[in-house]
Amino acid sequence: MKVNRHVPNILCIFRIIMIPFILLFLLDNPLVMGISAGLRMLAAGILFLLAIITDLFDGKIARRYDLVSDLGKFLDPIADKMLVLSVLCAFMGNDFITVVPVVIILAREFCVTTLRMMAASRGDVLSAKMWGKVKTTIQAVLIGAIFIYLTVMYMINPTTSGFEGGCPYSFVPEVLMWIVALFTVISAIPYFKGSKKYLG
């Protein structure tokens, strides 16, 4: 079966396009103020799932039909980072999680992206390694778990006034975020162990 060579990159771009729609339901704005907090979390969670699930397909399609490209190697991790960090910043802005694990995750992504740029300056392309894929999977699962938890909590307690005043059920999301931060840091180690020539 012949597949359009742009399909993997289109799926990456789809993840980026979905970000403002996810944030629409996560952030306090007049467009969704009439919707209950539980339904907003559910909608945002479903949109996040639809976006992140494309990460399972773009790489498989690219490898199966020999559509791997340098653009795709750059675009795939960038789309993942933009999606995940946007959602985490929204969680943090709504007081669902604290700033420290988000800063740790952001620092890791900044360091690996800088390493990729250094490799690119020498004509090399650092594609996502196995641990990078594991990290993305763990991020997707645990962020999805946070969406489920918050959706259930807000539906159980519909008297909670939306997102105002922060989330009264922050313990579980915070623990999950620290697990995400731990695996995110661990996943960066192989990039630097195998890229010493770019650090000299």
# chains A, B, ... in the order shown; residues from 1 in each chain; ligands from 1
call {"tool": "residues_around", "arguments": {"residues": "Ile19 (chain A)", "least_positions_apart": "4", "cutoff": "9 Å", "atoms": "only C-alpha atoms", "output": "PyMOL selection string"}}
result
chain A and resi 14-15+23-24+47-48+51+82-83+86-87
call {"tool": "write_last_selection", "arguments": {"atoms": "all heavy atoms", "output": "PDB file, in the first residue's frame"}}
result
ATOM      1  N   PHE A  14      -0.373  17.838  13.503  1.00  0.00           N
ATOM      2  CA  PHE A  14      -1.685  17.700  14.140  1.00  0.00           C
ATOM      3  C   PHE A  14      -1.570  17.837  15.654  1.00  0.00           C
ATOM      4  O   PHE A  14      -2.417  18.472  16.299  1.00  0.00           O
ATOM      5  CB  PHE A  14      -2.303  16.348  13.775  1.00  0.00           C
ATOM      6  CG  PHE A  14      -3.579  16.041  14.504  1.00  0.00           C
ATOM      7  CD1 PHE A  14      -4.775  16.635  14.117  1.00  0.00           C
ATOM      8  CD2 PHE A  14      -3.598  15.164  15.587  1.00  0.00           C
ATOM      9  CE1 PHE A  14      -5.963  16.352  14.795  1.00  0.00           C
ATOM     10  CE2 PHE A  14      -4.772  14.882  16.259  1.00  0.00           C
ATOM     11  CZ  PHE A  14      -5.956  15.481  15.859  1.00  0.00           C
ATOM     12  N   ARG A  15      -0.516  17.251  16.241  1.00  0.00           N
ATOM     13  CA  ARG A  15      -0.310  17.355  17.689  1.00  0.00           C
ATOM     14  C   ARG A  15      -0.157  18.810  18.100  1.00  0.00           C
ATOM     15  O   ARG A  15      -0.671  19.233  19.135  1.00  0.00           O
ATOM     16  CB  ARG A  15       0.923  16.549  18.123  1.00  0.00           C
ATOM     17  CG  ARG A  15       0.708  15.061  18.090  1.00  0.00           C
ATOM     18  CD  ARG A  15       1.641  14.334  19.027  1.00  0.00           C
ATOM     19  NE  ARG A  15       3.037  14.366  18.626  1.00  0.00           N
ATOM     20  CZ  ARG A  15       3.548  13.628  17.656  1.00  0.00           C
ATOM     21  NH1 ARG A  15       2.773  12.815  16.950  1.00  0.00           N
ATOM     22  NH2 ARG A  15       4.837  13.693  17.365  1.00  0.00           N
ATOM     23  N   LEU A  23      -5.923  23.625  25.578  1.00  0.00           N
ATOM     24  CA  LEU A  23      -5.805  24.732  26.533  1.00  0.00           C
ATOM     25  C   LEU A  23      -7.111  25.506  26.661  1.00  0.00           C
ATOM     26  O   LEU A  23      -7.374  26.112  27.708  1.00  0.00           O
ATOM     27  CB  LEU A  23      -4.676  25.674  26.105  1.00  0.00           C
ATOM     28  CG  LEU A  23      -3.267  25.068  26.082  1.00  0.00           C
ATOM     29  CD1 LEU A  23      -2.246  26.134  25.700  1.00  0.00           C
ATOM     30  CD2 LEU A  23      -2.910  24.445  27.425  1.00  0.00           C
ATOM     31  N   LEU A  24      -7.919  25.496  25.614  1.00  0.00           N
ATOM     32  CA  LEU A  24      -9.213  26.169  25.663  1.00  0.00           C
ATOM     33  C   LEU A  24     -10.041  25.662  26.830  1.00  0.00           C
ATOM     34  O   LEU A  24     -10.723  26.441  27.515  1.00  0.00           O
ATOM     35  CB  LEU A  24      -9.963  25.947  24.345  1.00  0.00           C
ATOM     36  CG  LEU A  24     -11.400  26.493  24.270  1.00  0.00           C
ATOM     37  CD1 LEU A  24     -11.387  28.016  24.276  1.00  0.00           C
ATOM     38  CD2 LEU A  24     -12.103  25.967  23.017  1.00  0.00           C
ATOM     39  N   LEU A  47      -9.085  15.295  24.123  1.00  0.00           N
ATOM     40  CA  LEU A  47      -8.300  15.959  23.084  1.00  0.00           C
ATOM     41  C   LEU A  47      -6.809  15.650  23.242  1.00  0.00           C
ATOM     42  O   LEU A  47      -6.098  15.447  22.251  1.00  0.00           O
ATOM     43  CB  LEU A  47      -8.541  17.468  23.129  1.00  0.00           C
ATOM     44  CG  LEU A  47      -9.946  17.931  22.729  1.00  0.00           C
ATOM     45  CD1 LEU A  47     -10.068  19.443  22.893  1.00  0.00           C
ATOM     46  CD2 LEU A  47     -10.267  17.530  21.291  1.00  0.00           C
ATOM     47  N   PHE A  48      -6.341  15.616  24.496  1.00  0.00           N
ATOM     48  CA  PHE A  48      -4.948  15.262  24.739  1.00  0.00           C
ATOM     49  C   PHE A  48      -4.668  13.845  24.273  1.00  0.00           C
ATOM     50  O   PHE A  48      -3.632  13.570  23.642  1.00  0.00           O
ATOM     51  CB  PHE A  48      -4.622  15.398  26.228  1.00  0.00           C
ATOM     52  CG  PHE A  48      -3.242  14.921  26.594  1.00  0.00           C
ATOM     53  CD1 PHE A  48      -2.138  15.717  26.341  1.00  0.00           C
ATOM     54  CD2 PHE A  48      -3.053  13.677  27.182  1.00  0.00           C
ATOM     55  CE1 PHE A  48      -0.852  15.277  26.666  1.00  0.00           C
ATOM     56  CE2 PHE A  48      -1.782  13.233  27.504  1.00  0.00           C
ATOM     57  CZ  PHE A  48      -0.676  14.027  27.251  1.00  0.00           C
ATOM     58  N   ALA A  51      -4.437  13.680  20.562  1.00  0.00           N
ATOM     59  CA  ALA A  51      -3.194  14.278  20.084  1.00  0.00           C
ATOM     60  C   ALA A  51      -1.999  13.371  20.332  1.00  0.00           C
ATOM     61  O   ALA A  51      -1.201  13.112  19.424  1.00  0.00           O
ATOM     62  CB  ALA A  51      -2.978  15.633  20.763  1.00  0.00           C
ATOM     63  N   MET A  82       6.109  20.307  22.871  1.00  0.00           N
ATOM     64  CA  MET A  82       5.145  21.401  22.878  1.00  0.00           C
ATOM     65  C   MET A  82       3.829  20.966  23.507  1.00  0.00           C
ATOM     66  O   MET A  82       3.244  21.689  24.322  1.00  0.00           O
ATOM     67  CB  MET A  82       4.918  21.912  21.454  1.00  0.00           C
ATOM     68  CG  MET A  82       6.087  22.658  20.857  1.00  0.00           C
ATOM     69  SD  MET A  82       5.761  23.240  19.176  1.00  0.00           S
ATOM     70  CE  MET A  82       4.423  24.414  19.485  1.00  0.00           C
ATOM     71  N   LEU A  83       3.370  19.764  23.148  1.00  0.00           N
ATOM     72  CA  LEU A  83       2.105  19.267  23.680  1.00  0.00           C
ATOM     73  C   LEU A  83       2.190  19.041  25.186  1.00  0.00           C
ATOM     74  O   LEU A  83       1.358  19.544  25.952  1.00  0.00           O
ATOM     75  CB  LEU A  83       1.725  17.968  22.961  1.00  0.00           C
ATOM     76  CG  LEU A  83       0.462  17.253  23.475  1.00  0.00           C
ATOM     77  CD1 LEU A  83      -0.760  18.135  23.305  1.00  0.00           C
ATOM     78  CD2 LEU A  83       0.285  15.918  22.745  1.00  0.00           C
ATOM     79  N   SER A  86       2.893  22.317  27.274  1.00  0.00           N
ATOM     80  CA  SER A  86       1.723  23.203  27.289  1.00  0.00           C
ATOM     81  C   SER A  86       0.710  22.742  28.323  1.00  0.00           C
ATOM     82  O   SER A  86       0.177  23.545  29.096  1.00  0.00           O
ATOM     83  CB  SER A  86       1.079  23.257  25.902  1.00  0.00           C
ATOM     84  OG  SER A  86       1.943  23.834  24.950  1.00  0.00           O
ATOM     85  N   VAL A  87       0.455  21.439  28.345  1.00  0.00           N
ATOM     86  CA  VAL A  87      -0.501  20.889  29.308  1.00  0.00           C
ATOM     87  C   VAL A  87       0.023  21.038  30.737  1.00  0.00           C
ATOM     88  O   VAL A  87      -0.722  21.418  31.648  1.00  0.00           O
ATOM     89  CB  VAL A  87      -0.793  19.405  28.990  1.00  0.00           C
ATOM     90  CG1 VAL A  87      -1.592  18.759  30.129  1.00  0.00           C
ATOM     91  CG2 VAL A  87      -1.550  19.281  27.673  1.00  0.00           C
TER      92      VAL A  87
END
call {"tool": "residues_around", "arguments": {"residues": "Val103 (chain A)", "least_positions_apart": "2", "cutoff": "12 Å", "atoms": "only C-alpha atoms", "output": "VMD selection string"}}
result
chain A and resid 85 88 to 89 92 97 to 101 105 to 110 177 to 178 180 to 181 184 to 185
call {"tool": "closest_residue", "arguments": {"among": "A:Val84, A:Asn29, A:Ile22, A:Ile156", "to": "Ile46 (chain A)", "atoms": "only C-alpha atoms"}}
result
A:Ile22
call {"tool": "atom_distance", "arguments": {"atom1": "CA of Ile104 (chain A)", "atom2": "CA of Ser187 (chain A)"}}
result
12.5 Å
call {"tool": "residues_around", "arguments": {"residues": "region 138-150 of chain A", "least_positions_apart": "5", "cutoff": "8 Å", "atoms": "only C-alpha atoms", "output": "PDB file with C-alpha atoms, in the first residue's frame"}}
result
ATOM      1  CA  GLY A  38     -15.687  18.049  35.184  1.00  0.00           C
ATOM      2  CA  MET A  41     -11.390  18.255  32.195  1.00  0.00           C
ATOM      3  CA  LEU A  42     -12.987  15.379  30.300  1.00  0.00           C
ATOM      4  CA  ALA A  44      -9.326  18.396  27.531  1.00  0.00           C
ATOM      5  CA  GLY A  45      -8.316  14.838  28.421  1.00  0.00           C
ATOM      6  CA  PHE A  48      -4.948  15.262  24.739  1.00  0.00           C
ATOM      7  CA  LEU A  49      -5.422  11.532  24.147  1.00  0.00           C
ATOM      8  CA  ILE A  52      -0.688  12.092  21.913  1.00  0.00           C
ATOM      9  CA  VAL A  84       3.319  17.952  27.028  1.00  0.00           C
ATOM     10  CA  TYR A 169      -7.225  17.256  45.245  1.00  0.00           C
ATOM     11  CA  VAL A 172      -2.258  12.574  43.487  1.00  0.00           C
ATOM     12  CA  PRO A 173      -1.396  14.845  40.513  1.00  0.00           C
ATOM     13  CA  LEU A 176       2.348  11.543  39.400  1.00  0.00           C
ATOM     14  CA  MET A 177       4.204  14.633  38.224  1.00  0.00           C
ATOM     15  CA  VAL A 180       7.103  11.943  35.291  1.00  0.00           C
ATOM     16  CA  PHE A 183      11.710   9.301  34.233  1.00  0.00           C
TER      17      PHE A 183
END
call {"tool": "atom_distance", "arguments": {"atom1": "CA of Leu50 (chain A)", "atom2": "CA of Ile17 (chain A)"}}
result
11.6 Å
call {"tool": "atom_distance", "arguments": {"atom1": "CA of Phe91 (chain A)", "atom2": "CA of Ser36 (chain A)"}}
result
17.0 Å
call {"tool": "closest_residue", "arguments": {"among": "A:Asp80, A:Val134, A:Thr54, A:Leu31", "to": "Pro8 (chain A)", "atoms": "only C-alpha atoms"}}
result
A:Thr54
call {"tool": "closest_residue", "arguments": {"among": "A:Ile16, A:Leu56, A:Cys111, A:Met130", "to": "Phe192 (chain A)", "atoms": "only C-alpha atoms"}}
result
A:Cys111
call {"tool": "closest_residue", "arguments": {"among": "A:Val102, A:Ala188, A:Val175, A:Met18", "to": "Lys133 (chain A)", "atoms": "only C-alpha atoms"}}
result
A:Ala188
